[in-house]
Amino acid sequence: MSKTVNGFSKLTKLEKIDWLISNFFDDDIKVKQILMQYWNSNNKLQELHDDFIENTISNFYLPFGIAPNFVINGKDYTIPMAIEESSVVAAASLVAKFWSKRGGFKANVVATKKVGQVHFMYEGDKVKLQNYFSEIKEDLLIATDAITQNMKKRGGGILDIELRDKTTDLANYYQLHVTFETVDSMGANFINSCLEAIANRFENESIQIVMSILSNYVPECLVHAEVSCKVSELGGENSELFAQKFVQAVQIANAETYRAVTHNKGIMNGIDAVVIATGNDFRAIEAGAHAYAAKSGRYKSLTNASVEDGIFKFRIDIPLALGTVGGLTKLHPLSKLSLKMLGNPSAKELMEIIAVAGLAQNFAALRALTTTGIQKGHMKMHLTNIIKQLGANEEDKQYLIDYFEDKTITHNAVVDAYNKLIGEH
Ligand code: MEV
């Protein structure tokens, strides 16, 4: 039976839920309960969330945590993170503290150029097209005047418009490749509006516009972050071996795609968590970062590590198109709070902070992987989660943590040990 529905968006929230239940569930009470327990009792706040998207029937929470003790360019930060993966905030906090005692993180923005393109088809003479573009270029800029006015006041705007011949890749395909400075906004709406105005002015009977859209590939909106210290200051029993294996782990990610993808996924654990917490678009960041990782034609690590003259150095270069104004940044109360917690940074400063969050996360992962293995820390978190679910008191909790110090942690094993303990009480 077809479940298509007309005019769905016009139904009330409860009518939508009823429709969902009658079509996909047997047990209407539980479904309603599950959905409604996440409704916010503050109607205004709920309405705000309802309006972010269409057909909202509930809210989907992510834990919102904070990682203190980050020192970046000599300044202290507590970094907000929205993420469900148990080890990420703990790892960030540990690594922040570790590097705060070794000079902290250094970061700098390399460039902030963003890109948008008008893609079009043209079958005529190439020289004629070039001449037409040269004649009309100034008018194309004028066509965006109303849109760029405010952005210009803030120090941004259109940097350049280029005509690019792409006909060797696709027959008759050309583009206007437009570069932008969008200062503290991510600039997606601004860029797309400019592109559409440019396309309208540019189109003629022999030019067929296919589409106008920003690019999430932003290799020239780039930030660099790094940490370094003497190998001997890395601590532990064998700093030399640690540094050597750490560097090898990065080399492996550079040599092997299967590893590189997981390596970069770990970096994105840190990046996405702060991107989400600050109301930025994590899909755009993900797409841009992975494309950048593959810029040489082979997918590689976003970080690099080296030991030279007894100095261990670990760094990241990553494109991050971020905003600290516009979009969700000031609309979502938690994004607003996150930015405040960071001292209301400029987009550039936020690029530095987020690159550091990625570098820190990668440091934590590689440190664990090349020493104790990743499962030890993960299972510890898993253990505390299970203990919490069981409702154990502090004393029993500590007993179970000690008991499992040298044992394999599984859900059943923890439940059995807890039940035995309760029996003994
Ligand atoms: C897990 O979310 C991330 C790691 O797999 C990253 C890595 O392997 O480098 C631990």
# chains A, B, ... in the order shown; residues from 1 in each chain; ligands from 1

$ residues_near_ligand --ligand "ligand 1" --cutoff "6 Å" --atoms "only C-alpha atoms and all ligand atoms" --output "VMD selection string"
chain A and resid 262 to 263 265 to 266 365 to 366

$ residues_around --residues "Pro333 of chain A" --least-positions-apart "5" --cutoff "10 Å" --atoms "only C-alpha atoms" --output "list in words"
Leu45, Leu48, Thr278, Gly279, Leu328 and Ser338 of chain A

$ select_by_dssp --residues "segment 87-225 of chain A" --states "strand (DSSP E or B)" --output "PyMOL selection string"
chain A and resi 105-109+114-122+157-165+173-181+185+204+207-214+222-225

$ closest_residue --among "A:Ala111, A:Leu234, A:Phe105, A:Ala199" --to "Glu181 of chain A" --atoms "only C-alpha atoms"
A:Ala111

$ residues_around --residues "Lys388 of chain A" --least-positions-apart "4" --cutoff "12 Å" --atoms "only C-alpha atoms" --output "NGL selection string"
:A and (381-384 or 392-394 or 396-398 or 400-401 or 414-415 or 418)

$ write_last_selection --atoms "N, CA, C and O atoms" --output "CSV table (one decimal), in the first residue's frame"
chain,number,residue,atom,x,y,z
A,381,MET,N,35.6,3.9,29.4
A,381,MET,CA,34.5,4.8,29.3
A,381,MET,C,33.2,3.9,29.2
A,381,MET,O,32.2,4.2,29.9
A,382,HIS,N,33.3,2.8,28.5
A,382,HIS,CA,32.2,1.9,28.3
A,382,HIS,C,31.8,1.3,29.7
A,382,HIS,O,30.7,1.2,30.1
A,383,LEU,N,32.9,1.0,30.5
A,383,LEU,CA,32.6,0.4,31.8
A,383,LEU,C,31.9,1.4,32.7
A,383,LEU,O,30.9,1.1,33.3
A,384,THR,N,32.3,2.7,32.7
A,384,THR,CA,31.6,3.7,33.6
A,384,THR,C,30.2,3.9,33.1
A,384,THR,O,29.3,4.1,33.9
A,392,ALA,N,24.8,1.8,40.2
A,392,ALA,CA,25.7,1.4,41.3
A,392,ALA,C,26.1,2.7,42.1
A,392,ALA,O,26.2,3.8,41.6
A,393,ASN,N,26.2,2.4,43.5
A,393,ASN,CA,26.7,3.6,44.3
A,393,ASN,C,28.2,3.8,44.1
A,393,ASN,O,28.9,3.0,43.5
A,394,GLU,N,28.7,4.8,44.7
A,394,GLU,CA,30.1,5.2,44.6
A,394,GLU,C,31.1,4.1,44.9
A,394,GLU,O,32.1,3.8,44.3
A,396,ASP,N,30.5,0.8,45.2
A,396,ASP,CA,30.4,-0.3,44.2
A,396,ASP,C,31.1,0.0,42.9
A,396,ASP,O,31.7,-0.8,42.3
A,397,LYS,N,30.9,1.3,42.5
A,397,LYS,CA,31.5,1.8,41.3
A,397,LYS,C,33.0,1.6,41.3
A,397,LYS,O,33.6,1.0,40.4
A,398,GLN,N,33.6,2.1,42.4
A,398,GLN,CA,35.0,2.0,42.6
A,398,GLN,C,35.5,0.5,42.6
A,398,GLN,O,36.5,0.1,42.0
A,400,LEU,N,34.1,-2.0,41.1
A,400,LEU,CA,34.0,-2.6,39.7
A,400,LEU,C,35.1,-2.1,38.9
A,400,LEU,O,35.7,-2.8,38.1
A,401,ILE,N,35.5,-0.8,39.0
A,401,ILE,CA,36.6,-0.2,38.2
A,401,ILE,C,37.9,-0.9,38.6
A,401,ILE,O,38.6,-1.3,37.7
A,414,VAL,N,30.2,-7.2,33.2
A,414,VAL,CA,30.0,-6.2,34.2
A,414,VAL,C,28.7,-6.4,35.0
A,414,VAL,O,28.7,-6.3,36.2
A,415,VAL,N,27.6,-6.8,34.3
A,415,VAL,CA,26.4,-7.1,34.9
A,415,VAL,C,26.5,-8.2,35.9
A,415,VAL,O,26.1,-8.1,37.1
A,418,TYR,N,28.5,-7.2,39.0
A,418,TYR,CA,27.7,-6.3,39.8
A,418,TYR,C,26.6,-7.1,40.6
A,418,TYR,O,26.5,-6.9,41.8

$ residues_around --residues "Gly103 of chain A" --least-positions-apart "3" --cutoff "12 Å" --atoms "only C-alpha atoms" --output "number ranges by chain"
A: 70-76, 96-100, 106, 226-230, 233

$ select_by_dssp --residues "segment 141-217 of chain A" --states "alpha helix (DSSP H)" --output "number ranges by chain"
A: 141-142, 145-153, 188-202

$ atom_distance --atom1 "atom CA of Thr78 of chain A" --atom2 "atom CA of Ser93 of chain A"
9.1 Å

$ residues_around --residues "Tyr122 of chain A" --least-positions-apart "3" --cutoff "8 Å" --atoms "only C-alpha atoms" --output "list in words"
Asn172, Tyr173, Tyr174, Ser206, Ile207 and Gln208 of chain A

$ residues_around --residues "Glu196 of chain A" --least-positions-apart "6" --cutoff "10 Å" --atoms "only C-alpha atoms" --output "list in words"
Gln117, Val118, Ala143, Thr144, Phe202, Ile209, Met211, Ser212 and Ile213 of chain A
